[in-house]
Amino acid sequence: DGSKWRFLEHKGPVFAPLYEPMPDKVKFYYDGKPMKLSAPAEEVATFFAKMLDHEYTTKDIFRKNFFKDWRKEMTSEEKTKITDLNKCNFSEMNEYFKAQSEARKQMSKEEKQKIKEENERLLQEYGFCLMDNHKERIGNFRIEPPGLFRGRGDHPKMGMLKRRIRPEDIIINCSKDSKHPKPPPGTKWKEVRHDNKVTWLASWTENIQGSIKYIMLNPSSRIKGEKDWQKYETARRLKKCVDRIRTQYRDDWKSKEMRIRQRAVALYFIDKLALRAGNEKEEGETADTVGCCSLRVEHIKLYPKMDEQEYVVEFDFLGKDSIRYYNKIPVEKRVRLQHLFHSISSASPICTLFPSFHSRCPLQTSILNKHLQELMDGLTAKVFRTYNASITLQQQLKELASDDSLPAKILSYNRANRAVAILCNHQRAPPKTFEKSMQNLQTKIDEKQNQLSAARKQLKAAKADHKASHDDKSKKAVELKRKAIQRIEEQLMKLQVQATDREENKQIALGTSKLNYLDPRISVAWCKKWDVPIEKIYNKTQREKFAWAIDMAEKDYEF
DNA sequence: ACGTGGACTTGGAAGAACTTGT
DNA sequence: ACAAGTTCTTCCAAGTCCACGT
């Protein structure tokens, strides 16, 4: 009936610590002269000071937005005095924070232990709730602290002040018959409601985009786990009818109706390239990123012939989180789509790729999803990502499966995982320490190789010795050397595998696919089949999230 | 039918915690 | 014991999709 729980009790959120004013000796300078700031202005200044080493603070938009919002917190005198951000010197504040974090690192064991215990106490008190007779872990029980908004990519709002959230901003959601959370002394909640049609425990409206933020349960909770399971079951249902759907959209490429042809091409891209749906967004409110339906002419190039291949489409656009998507694919004969090639050559680059000439509006995700819903119950664009990710993992694991050593098996698994991450375009910035850590590994490999050749020489010597003397002692020595070589060879192999894995993973982020796209039962089954301990694949958090799958899947599980 | 707000999933980066080698 | 390196956890932004109201 749409209700998500019958009973819900919790203690409410933990608020961000109050602002602690700077010690007097830490000065802010305007135009070279020290200046004491009012507490509100000083607090916002510290947000900027903390980020001084970050590239953000050099960006024009960031500086402009910050300065505008900072001025709103100033007293009228401050406002008249401070008129130019370039004349502001936050470096003492910046050094103060660096010193503080250094001091934190240098704390004694006891002090660190004390902090740890305090955190643990907070977690025990606020980090859990009671939902339908189960104690469940809350995902984010701390309210986001105030600070400067950091968007990704070219975000027009970067640098704006994210304001402090007070109890008066918070809506609490819990059972009527539960012990309601108490607001801090002298304050009130915005509202206490009892809505069991939703899963969140508390919410507030954030001031940058005006969107709502929630406090929800941890992925290990029943409510998230069931949903996750359901998601993979939907993807498995798609597996059963994907052939039919593919046949249909190929047929639709020939449709007389432009609308249907466009829909079919979009669907093809979503299926083949695992593109996101691409909802329309309000212009100027966010970074300019696109998905399938919001692709513009400027994002693709068509090559009637490229190298050996005919009809190549080149994609180059910024997707979610402003991550660049770049790919070239030869399209199937029938998708050489008259209309795609036609309309693109004449259209302006900023036109959407799927405009509509006959109806007023371009292809929208809602239209696409409505169509998908008719093809299969519960089918939406993102199900294709889940389906293609999971089926790819399963296939790759079949191909890569081997009776190799454990490290080799894990390399195989990571490679399969990597194939999925590449499909979904999950990229990361190469780690700052990447080159160095590769070098270190190489040094280790070289050392191991030297060790190996030394050991081989020793074996030879031992053999010669044995030949000469033929006694038991020398025979034993030969055996020992053999064993030593075997051990070193294993170690060397392990290092080499590690190096390969790391190199291949330089710019690939495996986490997102592992956590959100791969049916965990595939991995559990693979572990059981090949005798790989599940801990090698999933860490503690991941095992908690996928507890349902670990319980459920046997070695013959098929996605 | 359409547009908007709301709820929930997905995403990479940064910071914290742990491990390893010296 | 400690510094460096690696892995885990947290953070919070940015998507998807649906329900609801007009």
# chains A, B, ... in the order shown; residues from 1 in each chain; ligands from 1
>>> residues_around(residues="segment 10-13 of chain C", least_positions_apart="5", cutoff="12 Å", atoms="only C-alpha atoms (C1' of nucleotides)", output="NGL selection string")
(:A and (139-153 or 155 or 158 or 162 or 206 or 208-209 or 211 or 213-214 or 286-287 or 320-322)) or (:B and (10-17))
>>> select_by_dssp(residues="segment 210-436 of chain A", states="alpha helix (DSSP H)", output="PyMOL selection string")
chain A and resi 222-252+258-273+338-346+365-375+381-400+406-423+434-436
>>> closest_residue(among="A:Tyr387, A:Trp526, A:Trp200, A:Phe90", to="chain B", atoms="only C-alpha atoms (C1' of nucleotides)")
A:Trp200
>>> atom_distance(atom1="atom CA of His180 of chain A", atom2="atom CA of Ala202 of chain A")
11.8 Å
>>> interface_residues(of="chain A", to="chain B", cutoff="10 Å", atoms="only C-alpha atoms (C1' of nucleotides)", output="MDAnalysis selection string")
chainID A and resid 152 198:200 211:214 216 224 228 320:321 323 426:429 509 511:513 515:517
>>> atom_distance(atom1="atom CA of Val420 of chain A", atom2="atom CA of Leu393 of chain A")
6.5 Å
>>> closest_atom_pairs(of="chain C", to="chain A", cutoff="8 Å", atoms="only C-alpha atoms (C1' of nucleotides)", output="JSON lines")
{"residue": "C:DG5", "atom": "C1'", "partner": "A:Ser437", "partner_atom": "CA", "distance": 7.8}
{"residue": "C:DA13", "atom": "C1'", "partner": "A:Gly151", "partner_atom": "CA", "distance": 6.7}
{"residue": "C:DA14", "atom": "C1'", "partner": "A:Asp321", "partner_atom": "CA", "distance": 6.4}
{"residue": "C:DG15", "atom": "C1'", "partner": "A:Lys320", "partner_atom": "CA", "distance": 6.6}
{"residue": "C:DT16", "atom": "C1'", "partner": "A:Lys382", "partner_atom": "CA", "distance": 7.5}
>>> atom_distance(atom1="atom CA of Glu554 of chain A", atom2="atom CA of Ala525 of chain A")
5.4 Å
>>> residues_around(residues="segment 390-392 of chain A", least_positions_apart="2", cutoff="10 Å", atoms="only C-alpha atoms (C1' of nucleotides)", output="ChimeraX atom specification")
/A:232,235-236,239,384-388,394-398,416-417,419-420,423,513-514,517-523,558-559
>>> select_by_dssp(residues="segment 15-235 of chain A", states="strand (DSSP E or B)", output="JSON, numbers by chain")
{"A": [28, 29, 30, 33, 34, 35, 88, 89, 128, 129, 130, 131, 134, 135, 136, 137, 138, 142, 147, 148, 161, 162, 171, 172, 173, 191, 192, 193, 202, 203, 204, 205, 212, 213, 214, 215, 217]}
>>> closest_residue(among="A:Thr80, A:Ile270, A:Ala39, A:Glu535", to="Glu20 of chain A", atoms="only C-alpha atoms")
A:Ala39
